[in-house]
Every structure is written in C-alpha cells, then in structure tokens.
$ cat start29.pdb   # PDB, C-alpha atoms, pLDDT in the B column
ATOM      1  CA  LEU E 245    -248.355-112.286 -56.208  1.00 46.00           C
ATOM      2  CA  GLN E 246    -252.095-112.703 -56.466  1.00 47.00           C
ATOM      3  CA  ALA E 247    -254.377-110.134 -54.955  1.00 50.00           C
ATOM      4  CA  VAL E 248    -255.159-110.969 -51.338  1.00 60.00           C
ATOM      5  CA  ALA E 249    -258.851-111.432 -50.540  1.00 65.00           C
ATOM      6  CA  ASP E 250    -260.849-108.275 -49.760  1.00 76.00           C
ATOM      7  CA  ASP E 251    -261.356-109.339 -46.154  1.00 87.00           C
ATOM      8  CA  VAL E 252    -257.702-110.251 -45.602  1.00 90.00           C
ATOM      9  CA  VAL E 253    -255.154-107.534 -44.848  1.00 91.00           C
ATOM     10  CA  VAL E 254    -251.384-107.921 -45.041  1.00 92.00           C
ATOM     11  CA  LEU E 255    -249.402-106.352 -42.221  1.00 93.00           C
ATOM     12  CA  VAL E 256    -245.595-106.027 -42.363  1.00 93.00           C
ATOM     13  CA  LEU E 257    -243.891-105.894 -38.964  1.00 92.00           C
ATOM     14  CA  SER E 258    -240.151-105.984 -39.264  1.00 88.00           C
ATOM     15  CA  GLY E 259    -237.147-104.968 -37.257  1.00 83.00           C
ATOM     16  CA  MET E 260    -233.692-105.580 -35.961  1.00 78.00           C
ATOM     17  CA  SER E 261    -232.869-108.314 -33.495  1.00 74.00           C
ATOM     18  CA  GLY E 262    -233.311-106.950 -29.983  1.00 76.00           C
ATOM     19  CA  SER E 263    -235.684-104.164 -31.026  1.00 79.00           C
ATOM     20  CA  GLY E 264    -238.673-105.859 -29.402  1.00 82.00           C
ATOM     21  CA  VAL E 265    -240.285-106.716 -32.723  1.00 86.00           C
ATOM     22  CA  ASP E 266    -240.865-110.366 -31.753  1.00 87.00           C
ATOM     23  CA  VAL E 267    -242.772-109.412 -28.598  1.00 89.00           C
ATOM     24  CA  TYR E 268    -244.665-106.733 -30.527  1.00 91.00           C
ATOM     25  CA  ILE E 269    -245.728-109.234 -33.207  1.00 94.00           C
ATOM     26  CA  LYS E 270    -246.960-111.752 -30.625  1.00 95.00           C
ATOM     27  CA  SER E 271    -248.895-109.047 -28.781  1.00 95.00           C
ATOM     28  CA  THR E 272    -250.392-107.670 -32.004  1.00 95.00           C
ATOM     29  CA  ALA E 273    -251.472-111.132 -33.161  1.00 96.00           C
ATOM     30  CA  GLN E 274    -253.081-111.867 -29.788  1.00 96.00           C
ATOM     31  CA  MET E 275    -254.866-108.504 -29.702  1.00 96.00           C
ATOM     32  CA  LEU E 276    -256.292-109.141 -33.171  1.00 95.00           C
ATOM     33  CA  ARG E 277    -257.416-112.662 -32.182  1.00 95.00           C
ATOM     34  CA  ASP E 278    -259.112-111.242 -29.088  1.00 95.00           C
ATOM     35  CA  CYS E 279    -261.055-108.917 -31.419  1.00 93.00           C
ATOM     36  CA  GLY E 280    -262.301-111.881 -33.501  1.00 93.00           C
ATOM     37  CA  VAL E 281    -259.863-111.484 -36.394  1.00 94.00           C
ATOM     38  CA  ALA E 282    -258.278-114.566 -37.962  1.00 95.00           C
ATOM     39  CA  VAL E 283    -254.479-114.167 -37.874  1.00 95.00           C
ATOM     40  CA  ARG E 284    -251.673-116.007 -39.660  1.00 95.00           C
ATOM     41  CA  ARG E 285    -247.983-115.202 -39.257  1.00 95.00           C
ATOM     42  CA  ILE E 286    -245.293-115.792 -41.865  1.00 95.00           C
ATOM     43  CA  ASP E 287    -241.638-115.593 -40.846  1.00 93.00           C
ATOM     44  CA  THR E 288    -240.104-114.331 -44.074  1.00 92.00           C
ATOM     45  CA  ASP E 289    -236.569-115.062 -42.842  1.00 87.00           C
ATOM     46  CA  GLN E 290    -237.407-118.737 -43.449  1.00 90.00           C
ATOM     47  CA  PHE E 291    -237.445-117.920 -47.183  1.00 92.00           C
ATOM     48  CA  LEU E 292    -233.881-116.602 -47.347  1.00 88.00           C
ATOM     49  CA  GLY E 293    -231.766-118.330 -49.961  1.00 86.00           C
ATOM     50  CA  ALA E 294    -228.479-117.410 -51.576  1.00 86.00           C
ATOM     51  CA  ARG E 295    -228.117-114.195 -53.514  1.00 84.00           C
ATOM     52  CA  SER E 296    -226.977-114.743 -57.097  1.00 82.00           C
ATOM     53  CA  ASP E 297    -224.880-111.571 -57.444  1.00 85.00           C
ATOM     54  CA  ALA E 298    -222.357-109.739 -55.262  1.00 84.00           C
ATOM     55  CA  CYS E 299    -223.621-108.088 -52.077  1.00 83.00           C
ATOM     56  CA  ALA E 300    -222.464-104.523 -51.432  1.00 83.00           C
ATOM     57  CA  LEU E 301    -223.098-104.879 -47.676  1.00 80.00           C
ATOM     58  CA  CYS E 302    -220.907-107.978 -47.439  1.00 79.00           C
ATOM     59  CA  GLN E 303    -218.207-106.004 -49.250  1.00 81.00           C
ATOM     60  CA  GLN E 304    -218.561-103.189 -46.686  1.00 80.00           C
ATOM     61  CA  CYS E 305    -218.271-105.750 -43.857  1.00 76.00           C
ATOM     62  CA  TYR E 306    -215.069-107.013 -45.428  1.00 76.00           C
ATOM     63  CA  GLU E 307    -213.641-103.511 -45.745  1.00 77.00           C
ATOM     64  CA  LYS E 308    -214.598-102.338 -42.241  1.00 74.00           C
ATOM     65  CA  ARG E 309    -213.856-105.440 -40.168  1.00 69.00           C
ATOM     66  CA  ARG E 310    -211.812-107.652 -42.482  1.00 69.00           C
ATOM     67  CA  ILE E 311    -214.489-110.320 -42.271  1.00 67.00           C
ATOM     68  CA  ALA E 312    -213.817-112.957 -44.891  1.00 68.00           C
ATOM     69  CA  LYS E 313    -215.395-112.302 -48.249  1.00 70.00           C
ATOM     70  CA  VAL E 314    -218.662-114.126 -48.769  1.00 72.00           C
ATOM     71  CA  TYR E 315    -219.269-116.080 -51.945  1.00 77.00           C
ATOM     72  CA  ARG E 316    -223.071-115.813 -51.861  1.00 82.00           C
ATOM     73  CA  CYS E 317    -224.881-113.628 -49.339  1.00 83.00           C
ATOM     74  CA  THR E 318    -227.812-115.189 -47.476  1.00 84.00           C
ATOM     75  CA  MET E 319    -228.848-112.257 -45.305  1.00 82.00           C
ATOM     76  CA  CYS E 320    -230.207-109.414 -47.419  1.00 81.00           C
ATOM     77  CA  PRO E 321    -233.487-108.647 -49.229  1.00 83.00           C
ATOM     78  CA  GLU E 322    -232.070-109.860 -52.533  1.00 85.00           C
ATOM     79  CA  ALA E 323    -231.573-113.307 -50.953  1.00 85.00           C
ATOM     80  CA  LEU E 324    -235.322-113.690 -50.314  1.00 88.00           C
ATOM     81  CA  ASN E 325    -236.894-116.379 -52.468  1.00 90.00           C
ATOM     82  CA  VAL E 326    -239.893-114.257 -53.457  1.00 90.00           C
ATOM     83  CA  ASP E 327    -241.526-117.037 -55.489  1.00 92.00           C
ATOM     84  CA  GLN E 328    -241.752-119.299 -52.441  1.00 93.00           C
ATOM     85  CA  LEU E 329    -242.765-116.413 -50.189  1.00 93.00           C
ATOM     86  CA  ASN E 330    -245.495-115.316 -52.626  1.00 92.00           C
ATOM     87  CA  ALA E 331    -246.812-118.891 -52.766  1.00 93.00           C
ATOM     88  CA  ALA E 332    -246.878-118.991 -48.950  1.00 94.00           C
ATOM     89  CA  ILE E 333    -248.775-115.688 -48.760  1.00 92.00           C
ATOM     90  CA  ASN E 334    -251.341-116.862 -51.318  1.00 91.00           C
ATOM     91  CA  ARG E 335    -251.705-120.212 -49.524  1.00 93.00           C
ATOM     92  CA  GLU E 336    -252.201-118.516 -46.160  1.00 93.00           C
ATOM     93  CA  ALA E 337    -254.803-116.164 -47.671  1.00 91.00           C
ATOM     94  CA  GLU E 338    -256.801-119.163 -48.903  1.00 91.00           C
ATOM     95  CA  ILE E 339    -256.467-120.962 -45.572  1.00 92.00           C
ATOM     96  CA  ILE E 340    -257.435-117.927 -43.521  1.00 93.00           C
ATOM     97  CA  VAL E 341    -260.694-117.336 -45.425  1.00 91.00           C
ATOM     98  CA  GLY E 342    -261.838-120.903 -44.725  1.00 90.00           C
ATOM     99  CA  SER E 343    -260.626-121.022 -41.133  1.00 92.00           C
ATOM    100  CA  GLN E 344    -262.870-121.275 -38.094  1.00 91.00           C
ATOM    101  CA  PRO E 345    -261.677-117.962 -36.580  1.00 91.00           C
ATOM    102  CA  PHE E 346    -262.524-116.202 -39.872  1.00 92.00           C
ATOM    103  CA  VAL E 347    -265.939-117.821 -40.356  1.00 91.00           C
ATOM    104  CA  GLU E 348    -267.024-117.664 -36.711  1.00 91.00           C
ATOM    105  CA  GLY E 349    -265.273-114.371 -35.998  1.00 88.00           C
ATOM    106  CA  ILE E 350    -265.918-111.038 -37.659  1.00 92.00           C
ATOM    107  CA  GLY E 351    -265.101-112.264 -41.162  1.00 90.00           C
ATOM    108  CA  LYS E 352    -261.750-110.474 -41.291  1.00 92.00           C
ATOM    109  CA  GLY E 353    -258.235-111.807 -41.497  1.00 93.00           C
ATOM    110  CA  VAL E 354    -254.697-110.509 -41.130  1.00 94.00           C
ATOM    111  CA  ILE E 355    -251.512-112.029 -42.498  1.00 95.00           C
ATOM    112  CA  ILE E 356    -248.490-110.735 -40.613  1.00 95.00           C
ATOM    113  CA  LEU E 357    -245.237-110.784 -42.572  1.00 95.00           C
ATOM    114  CA  GLU E 358    -242.387-110.736 -40.092  1.00 93.00           C
ATOM    115  CA  GLY E 359    -238.652-110.843 -40.649  1.00 86.00           C
ATOM    116  CA  ALA E 360    -235.655-108.589 -40.905  1.00 82.00           C
ATOM    117  CA  PHE E 361    -235.566-108.115 -44.668  1.00 83.00           C
ATOM    118  CA  VAL E 362    -239.126-108.258 -46.033  1.00 87.00           C
ATOM    119  CA  PHE E 363    -239.608-104.530 -45.500  1.00 83.00           C
ATOM    120  CA  ALA E 364    -236.972-103.773 -48.137  1.00 81.00           C
ATOM    121  CA  VAL E 365    -238.935-105.510 -50.934  1.00 86.00           C
ATOM    122  CA  GLN E 366    -241.267-103.050 -52.655  1.00 87.00           C
ATOM    123  CA  GLU E 367    -244.037-105.482 -53.644  1.00 89.00           C
ATOM    124  CA  TYR E 368    -244.627-106.396 -49.981  1.00 89.00           C
ATOM    125  CA  ASN E 369    -244.833-102.715 -49.111  1.00 87.00           C
ATOM    126  CA  ASP E 370    -247.387-102.346 -51.906  1.00 89.00           C
ATOM    127  CA  ILE E 371    -249.692-105.115 -50.683  1.00 88.00           C
ATOM    128  CA  ALA E 372    -249.424-103.902 -47.081  1.00 89.00           C
ATOM    129  CA  VAL E 373    -250.408-100.350 -48.158  1.00 87.00           C
ATOM    130  CA  ASP E 374    -250.010 -98.306 -44.931  1.00 87.00           C
ATOM    131  CA  ALA E 375    -249.860-101.272 -42.552  1.00 90.00           C
ATOM    132  CA  ARG E 376    -246.089-101.608 -42.284  1.00 89.00           C
ATOM    133  CA  TRP E 377    -243.630-100.796 -39.519  1.00 87.00           C
ATOM    134  CA  TRP E 378    -239.903-101.177 -38.879  1.00 83.00           C
ATOM    135  CA  LEU E 379    -238.687-101.338 -35.284  1.00 82.00           C
ATOM    136  CA  SER E 380    -235.122-100.122 -34.977  1.00 76.00           C
ATOM    137  CA  ASN E 381    -232.533-100.619 -32.271  1.00 72.00           C
ATOM    138  CA  CYS E 382    -229.408 -98.528 -31.805  1.00 73.00           C
ATOM    139  CA  ASN E 383    -227.991-100.832 -29.119  1.00 75.00           C
ATOM    140  CA  THR E 384    -225.795-103.294 -31.030  1.00 74.00           C
ATOM    141  CA  ALA E 385    -224.889-105.250 -27.879  1.00 77.00           C
ATOM    142  CA  ARG E 386    -228.581-105.873 -27.161  1.00 79.00           C
ATOM    143  CA  SER E 387    -229.112-106.845 -30.795  1.00 76.00           C
ATOM    144  CA  LYS E 388    -226.303-109.382 -30.654  1.00 79.00           C
ATOM    145  CA  LYS E 389    -227.606-110.832 -27.398  1.00 82.00           C
ATOM    146  CA  ALA E 390    -231.142-111.096 -28.821  1.00 80.00           C
ATOM    147  CA  TYR E 391    -229.782-112.725 -31.982  1.00 77.00           C
ATOM    148  CA  LEU E 392    -227.925-115.332 -29.914  1.00 81.00           C
ATOM    149  CA  GLN E 393    -230.925-115.953 -27.643  1.00 83.00           C
ATOM    150  CA  LYS E 394    -233.300-116.361 -30.583  1.00 78.00           C
ATOM    151  CA  ARG E 395    -231.013-119.008 -32.073  1.00 76.00           C
ATOM    152  CA  ARG E 396    -230.483-120.660 -28.658  1.00 83.00           C
ATOM    153  CA  MET E 397    -226.784-119.822 -28.741  1.00 79.00           C
ATOM    154  CA  TRP E 398    -226.730-117.661 -25.581  1.00 86.00           C
ATOM    155  CA  ASP E 399    -224.825-119.717 -23.003  1.00 87.00           C
ATOM    156  CA  LYS E 400    -223.361-117.065 -20.723  1.00 89.00           C
ATOM    157  CA  PRO E 401    -221.832-118.310 -17.467  1.00 90.00           C
ATOM    158  CA  TYR E 402    -223.037-116.572 -14.312  1.00 91.00           C
ATOM    159  CA  SER E 403    -219.513-115.367 -13.591  1.00 92.00           C
ATOM    160  CA  LYS E 404    -219.440-113.090 -16.670  1.00 90.00           C
ATOM    161  CA  THR E 405    -221.292-109.933 -17.562  1.00 90.00           C
ATOM    162  CA  ASP E 406    -223.223-109.709 -20.809  1.00 88.00           C
ATOM    163  CA  VAL E 407    -220.588-107.398 -22.289  1.00 85.00           C
ATOM    164  CA  GLU E 408    -217.706-109.746 -21.390  1.00 88.00           C
ATOM    165  CA  TYR E 409    -219.547-112.697 -22.876  1.00 87.00           C
ATOM    166  CA  LEU E 410    -220.368-110.816 -26.092  1.00 83.00           C
ATOM    167  CA  VAL E 411    -216.689-109.899 -26.522  1.00 81.00           C
ATOM    168  CA  GLU E 412    -215.775-113.561 -26.056  1.00 81.00           C
ATOM    169  CA  VAL E 413    -218.432-114.704 -28.523  1.00 78.00           C
ATOM    170  CA  GLU E 414    -217.355-112.164 -31.107  1.00 73.00           C
ATOM    171  CA  VAL E 415    -213.745-113.319 -30.848  1.00 69.00           C
ATOM    172  CA  ASN E 416    -214.431-117.068 -30.732  1.00 66.00           C
ATOM    173  CA  GLU E 417    -217.682-117.352 -32.669  1.00 57.00           C
ATOM    174  CA  ASN E 418    -218.078-117.053 -36.416  1.00 61.00           C
ATOM    175  CA  ARG E 419    -218.495-113.600 -37.902  1.00 67.00           C
ATOM    176  CA  ARG E 420    -222.019-114.322 -39.106  1.00 70.00           C
ATOM    177  CA  ILE E 421    -223.460-112.565 -36.045  1.00 71.00           C
ATOM    178  CA  TRP E 422    -221.743-109.276 -36.849  1.00 73.00           C
ATOM    179  CA  ARG E 423    -222.661-109.516 -40.553  1.00 74.00           C
ATOM    180  CA  THR E 424    -226.318-110.184 -39.696  1.00 74.00           C
ATOM    181  CA  ILE E 425    -226.528-107.141 -37.428  1.00 73.00           C
ATOM    182  CA  PHE E 426    -224.710-105.048 -40.055  1.00 73.00           C
ATOM    183  CA  HIS E 427    -227.198-106.114 -42.755  1.00 76.00           C
ATOM    184  CA  GLU E 428    -230.173-105.392 -40.461  1.00 75.00           C
ATOM    185  CA  GLU E 429    -228.852-101.928 -39.594  1.00 72.00           C
ATOM    186  CA  ARG E 430    -228.510-100.991 -43.237  1.00 72.00           C
TER     187      ARG E 430
END
$ encode --input "start29.pdb" --output "structure tokens"
Amino acid sequence: LQAVADDVVVLVLSGMSGSGVDVYIKSTAQMLRDCGVAVRRIDTDQFLGARSDACALCQQCYEKRRIAKVYRCTMCPEALNVDQLNAAINREAEIIVGSQPFVEGIGKGVIILEGAFVFAVQEYNDIAVDARWWLSNCNTARSKKAYLQKRRMWDKPYSKTDVEYLVEVEVNENRRIWRTIFHEER
C-alpha cells in the first residue's frame, strides 16, 4: 500500500449489520462535503474473495448450530483481497487530489473505508491512525433484519411480526445469514 497523499486522510468506519453504521457513514460523508472536504467511499466488502485456508469461525458455526461445513469462507478478514483493495485505495487517493471538490474546496480529502471486516486488518488500522471506529450491535434480530433489507431480501407480509418472519427466514432461507452475523460479532 503506497502512502496516501499528505492532504488525504483515511477513515475506517465499520460495524455490524443493523448497528447504524450505514447511516453514520452517509451522514459523516455529507458533513465533510459540507465543510469543503473531498470525500470518496470504498465498500471493502466488495473485495471479499475466498479464503485459502480453513476458517475457525466457520468451524464454530458448524459446532454450535450444525450449519454445513464450508469449503472456502468468504466472510472474514482473511477473505479480503488486499491487493485489489490496496489498488482501489491508491486509485481513489489519486482521483481525490485532482477532483473538483478537492481543488475548489479546502484542499483536503477523506477516503472512507467501510465494511464489516476491514477493521480486522492491521495495515488499514495503521493508515487510518486514530480515525477508525467500529459500531457494534447486540440485537441479533435487528442485525438479521438489516442484513436482509440491505440485500433487498426483506419481504415480510403485513400479517406477520418481524420476529415471526425472521424465524421463518432462518428456517427456510440458507444459513449464510446466520454465519454472516456470527462472523461480524466475532
């Protein structure tokens, strides 16, 4: 990872589904834009690939809930394709310095790294220095609902409560939802 320009700061905002991190990121980006700062957001979850070795969290999921064993985990920090993510960060740093908001603003830029797993990779903590936050959520039902809504899979009939629908989804739907929440919690 190349050094980010002196006038460009990296901010890591990460959190569990349903913790409010998405709303927080949008609000933070807008606040910075209103102050004349050039802002670029990178969703690091878009750079998840397949982990090459065994995942201890997937093994725990299997032991606790008898969820089928996973051949290659795609939902943990070790599944991040850091080469592609580093290239994206460097590309965004170059773009931001030449952008109109940067040149006509206050000459400062912020790259926001968002996603559930980026916070667990040390080199991104290093480049963000003290500008990194994790938003947690202890309400698993809300997390599952937010996960389904974000992926446009929330199709609850009016005749059911959220809890009833989540039970139905967990029984009928694949177990990926539970594994994702489990990985985010850990």
$ closest_residue --input "start29.pdb" --among "E:Ala360, E:Ala375, E:Arg396, E:Asp406" --to "E:Met260" --atoms "only C-alpha atoms"
E:Ala360
$ residues_around --input "start29.pdb" --residues "E:Ser343" --least-positions-apart "6" --cutoff "12 Å" --atoms "all atoms listed in the file" --output "PyMOL selection string"
chain E and resi 281-284+336-337+349-353
$ closest_residue --input "start29.pdb" --among "E:Val341, E:Ile333, E:Cys279, E:Val326" --to "E:Arg295" --atoms "all atoms listed in the file"
E:Val326
$ atom_distance --input "start29.pdb" --atom1 "atom CA of E:Trp377" --atom2 "atom CA of E:Ala364"
11.3 Å
$ closest_residue --input "start29.pdb" --among "E:Tyr402, E:Glu428, E:Glu338, E:Pro345" --to "E:Arg277" --atoms "only C-alpha atoms"
E:Pro345
$ atom_distance --input "start29.pdb" --atom1 "atom CA of E:Glu322" --atom2 "atom CA of E:Val265"
21.7 Å
$ atom_distance --input "start29.pdb" --atom1 "atom CA of E:Val413" --atom2 "atom CA of E:Lys388"
9.7 Å
$ resolve_selection --input "start29.pdb" --expression "the PyMOL selection byres ((chain E and resi 299) around 12)" --output "JSON, numbers by chain"
{"E": [294, 295, 296, 297, 298, 300, 301, 302, 303, 304, 305, 306, 313, 314, 315, 316, 317, 318, 319, 320, 321, 322, 323, 423, 427]}
$ closest_residue --input "start29.pdb" --among "E:Tyr409, E:Tyr368, E:Trp378, E:Trp398" --to "E:Ser263" --atoms "all atoms listed in the file"
E:Trp378
$ resolve_selection --input "start29.pdb" --expression "the PyMOL selection byres ((chain E and resi 385) around 10)" --output "ChimeraX atom specification"
/E:262,381-384,386-391,406-407,410-411,425
$ resolve_selection --input "start29.pdb" --expression "the PyMOL selection byres ((chain E and resi 273) around 12)" --output "count of residues only"
28
$ residues_around --input "start29.pdb" --residues "E:Val373" --least-positions-apart "2" --cutoff "12 Å" --atoms "only C-alpha atoms" --output "list in words"
Val253, Val254, Leu255, Val256, Phe363, Gln366, Glu367, Tyr368, Asn369, Asp370, Ile371, Ala375, Arg376 and Trp377 of chain E
$ axis_aligned_box --input "start29.pdb" --around "stretch 317-329 of chain E" --padding-each-side "4 Å" --output "lines of an AutoDock Vina configuration file"
center_x = -233.8
center_y = -114.0
center_z = -50.4
size_x = 25.9
size_y = 18.7
size_z = 18.2
$ build_atoms --input "start29.pdb" --residues "stretch 369-401 of chain E" --atoms "N, CA and C atoms" --output "PDB file, in the coordinates of the input"
ATOM      1  N   ASN E 369    -244.372-104.024 -49.567  1.00 87.00           N
ATOM      2  CA  ASN E 369    -244.833-102.715 -49.111  1.00 87.00           C
ATOM      3  C   ASN E 369    -246.124-102.335 -49.832  1.00 87.00           C
ATOM      4  N   ASP E 370    -246.194-102.674 -51.114  1.00 89.00           N
ATOM      5  CA  ASP E 370    -247.387-102.346 -51.906  1.00 89.00           C
ATOM      6  C   ASP E 370    -248.626-103.078 -51.416  1.00 89.00           C
ATOM      7  N   ILE E 371    -248.499-104.385 -51.122  1.00 88.00           N
ATOM      8  CA  ILE E 371    -249.692-105.115 -50.683  1.00 88.00           C
ATOM      9  C   ILE E 371    -250.071-104.785 -49.243  1.00 88.00           C
ATOM     10  N   ALA E 372    -249.117-104.284 -48.456  1.00 89.00           N
ATOM     11  CA  ALA E 372    -249.424-103.902 -47.081  1.00 89.00           C
ATOM     12  C   ALA E 372    -249.984-102.490 -46.993  1.00 89.00           C
ATOM     13  N   VAL E 373    -249.933-101.737 -48.074  1.00 87.00           N
ATOM     14  CA  VAL E 373    -250.408-100.350 -48.158  1.00 87.00           C
ATOM     15  C   VAL E 373    -249.779 -99.532 -47.029  1.00 87.00           C
ATOM     16  N   ASP E 374    -250.552 -99.111 -46.031  1.00 87.00           N
ATOM     17  CA  ASP E 374    -250.010 -98.306 -44.931  1.00 87.00           C
ATOM     18  C   ASP E 374    -249.783 -99.120 -43.664  1.00 87.00           C
ATOM     19  N   ALA E 375    -249.982-100.422 -43.736  1.00 90.00           N
ATOM     20  CA  ALA E 375    -249.860-101.272 -42.552  1.00 90.00           C
ATOM     21  C   ALA E 375    -248.480-101.920 -42.507  1.00 90.00           C
ATOM     22  N   ARG E 376    -247.453-101.084 -42.333  1.00 89.00           N
ATOM     23  CA  ARG E 376    -246.089-101.608 -42.284  1.00 89.00           C
ATOM     24  C   ARG E 376    -245.243-100.760 -41.323  1.00 89.00           C
ATOM     25  N   TRP E 377    -244.458-101.470 -40.507  1.00 87.00           N
ATOM     26  CA  TRP E 377    -243.630-100.796 -39.519  1.00 87.00           C
ATOM     27  C   TRP E 377    -242.288-101.484 -39.391  1.00 87.00           C
ATOM     28  N   TRP E 378    -241.253-100.689 -39.144  1.00 83.00           N
ATOM     29  CA  TRP E 378    -239.903-101.177 -38.879  1.00 83.00           C
ATOM     30  C   TRP E 378    -239.515-100.727 -37.488  1.00 83.00           C
ATOM     31  N   LEU E 379    -239.135-101.660 -36.628  1.00 82.00           N
ATOM     32  CA  LEU E 379    -238.687-101.338 -35.284  1.00 82.00           C
ATOM     33  C   LEU E 379    -237.165-101.364 -35.289  1.00 82.00           C
ATOM     34  N   SER E 380    -236.564-100.261 -34.928  1.00 76.00           N
ATOM     35  CA  SER E 380    -235.122-100.122 -34.977  1.00 76.00           C
ATOM     36  C   SER E 380    -234.525-100.278 -33.586  1.00 76.00           C
ATOM     37  N   ASN E 381    -233.223-100.507 -33.538  1.00 72.00           N
ATOM     38  CA  ASN E 381    -232.533-100.619 -32.271  1.00 72.00           C
ATOM     39  C   ASN E 381    -231.119-100.096 -32.464  1.00 72.00           C
ATOM     40  N   CYS E 382    -230.748 -99.112 -31.690  1.00 73.00           N
ATOM     41  CA  CYS E 382    -229.408 -98.528 -31.805  1.00 73.00           C
ATOM     42  C   CYS E 382    -228.400 -99.211 -30.883  1.00 73.00           C
ATOM     43  N   ASN E 383    -228.858-100.146 -30.058  1.00 75.00           N
ATOM     44  CA  ASN E 383    -227.991-100.832 -29.119  1.00 75.00           C
ATOM     45  C   ASN E 383    -227.507-102.140 -29.745  1.00 75.00           C
ATOM     46  N   THR E 384    -226.322-102.125 -30.333  1.00 74.00           N
ATOM     47  CA  THR E 384    -225.795-103.294 -31.030  1.00 74.00           C
ATOM     48  C   THR E 384    -225.551-104.454 -30.075  1.00 74.00           C
ATOM     49  N   ALA E 385    -225.120-104.174 -28.858  1.00 77.00           N
ATOM     50  CA  ALA E 385    -224.889-105.250 -27.879  1.00 77.00           C
ATOM     51  C   ALA E 385    -226.201-105.985 -27.592  1.00 77.00           C
ATOM     52  N   ARG E 386    -227.281-105.242 -27.406  1.00 79.00           N
ATOM     53  CA  ARG E 386    -228.581-105.873 -27.161  1.00 79.00           C
ATOM     54  C   ARG E 386    -229.035-106.669 -28.383  1.00 79.00           C
ATOM     55  N   SER E 387    -228.757-106.143 -29.561  1.00 76.00           N
ATOM     56  CA  SER E 387    -229.112-106.845 -30.795  1.00 76.00           C
ATOM     57  C   SER E 387    -228.374-108.171 -30.906  1.00 76.00           C
ATOM     58  N   LYS E 388    -227.081-108.151 -30.589  1.00 79.00           N
ATOM     59  CA  LYS E 388    -226.303-109.382 -30.654  1.00 79.00           C
ATOM     60  C   LYS E 388    -226.801-110.399 -29.633  1.00 79.00           C
ATOM     61  N   LYS E 389    -227.097-109.927 -28.438  1.00 82.00           N
ATOM     62  CA  LYS E 389    -227.606-110.832 -27.398  1.00 82.00           C
ATOM     63  C   LYS E 389    -228.952-111.426 -27.834  1.00 82.00           C
ATOM     64  N   ALA E 390    -229.840-110.611 -28.358  1.00 80.00           N
ATOM     65  CA  ALA E 390    -231.142-111.096 -28.821  1.00 80.00           C
ATOM     66  C   ALA E 390    -230.990-112.089 -29.959  1.00 80.00           C
ATOM     67  N   TYR E 391    -230.058-111.813 -30.867  1.00 77.00           N
ATOM     68  CA  TYR E 391    -229.782-112.725 -31.982  1.00 77.00           C
ATOM     69  C   TYR E 391    -229.340-114.087 -31.447  1.00 77.00           C
ATOM     70  N   LEU E 392    -228.411-114.085 -30.497  1.00 81.00           N
ATOM     71  CA  LEU E 392    -227.925-115.332 -29.914  1.00 81.00           C
ATOM     72  C   LEU E 392    -229.020-116.061 -29.144  1.00 81.00           C
ATOM     73  N   GLN E 393    -229.841-115.330 -28.394  1.00 83.00           N
ATOM     74  CA  GLN E 393    -230.925-115.953 -27.643  1.00 83.00           C
ATOM     75  C   GLN E 393    -231.961-116.569 -28.572  1.00 83.00           C
ATOM     76  N   LYS E 394    -232.290-115.861 -29.642  1.00 78.00           N
ATOM     77  CA  LYS E 394    -233.300-116.361 -30.583  1.00 78.00           C
ATOM     78  C   LYS E 394    -232.840-117.663 -31.221  1.00 78.00           C
ATOM     79  N   ARG E 395    -231.550-117.805 -31.455  1.00 76.00           N
ATOM     80  CA  ARG E 395    -231.013-119.008 -32.073  1.00 76.00           C
ATOM     81  C   ARG E 395    -230.506-120.012 -31.042  1.00 76.00           C
ATOM     82  N   ARG E 396    -230.855-119.787 -29.781  1.00 83.00           N
ATOM     83  CA  ARG E 396    -230.483-120.660 -28.658  1.00 83.00           C
ATOM     84  C   ARG E 396    -228.967-120.865 -28.561  1.00 83.00           C
ATOM     85  N   MET E 397    -228.239-119.784 -28.802  1.00 79.00           N
ATOM     86  CA  MET E 397    -226.784-119.822 -28.741  1.00 79.00           C
ATOM     87  C   MET E 397    -226.254-119.006 -27.553  1.00 79.00           C
ATOM     88  N   TRP E 398    -227.135-118.479 -26.725  1.00 86.00           N
ATOM     89  CA  TRP E 398    -226.730-117.661 -25.581  1.00 86.00           C
ATOM     90  C   TRP E 398    -226.478-118.601 -24.413  1.00 86.00           C
ATOM     91  N   ASP E 399    -225.210-118.787 -24.060  1.00 87.00           N
ATOM     92  CA  ASP E 399    -224.825-119.717 -23.003  1.00 87.00           C
ATOM     93  C   ASP E 399    -223.835-119.026 -22.068  1.00 87.00           C
ATOM     94  N   LYS E 400    -224.241-117.882 -21.555  1.00 89.00           N
ATOM     95  CA  LYS E 400    -223.361-117.065 -20.723  1.00 89.00           C
ATOM     96  C   LYS E 400    -223.249-117.664 -19.320  1.00 89.00           C
ATOM     97  N   PRO E 401    -222.005-117.865 -18.855  1.00 90.00           N
ATOM     98  CA  PRO E 401    -221.832-118.310 -17.467  1.00 90.00           C
ATOM     99  C   PRO E 401    -222.215-117.188 -16.496  1.00 90.00           C
TER     100      PRO E 401
END
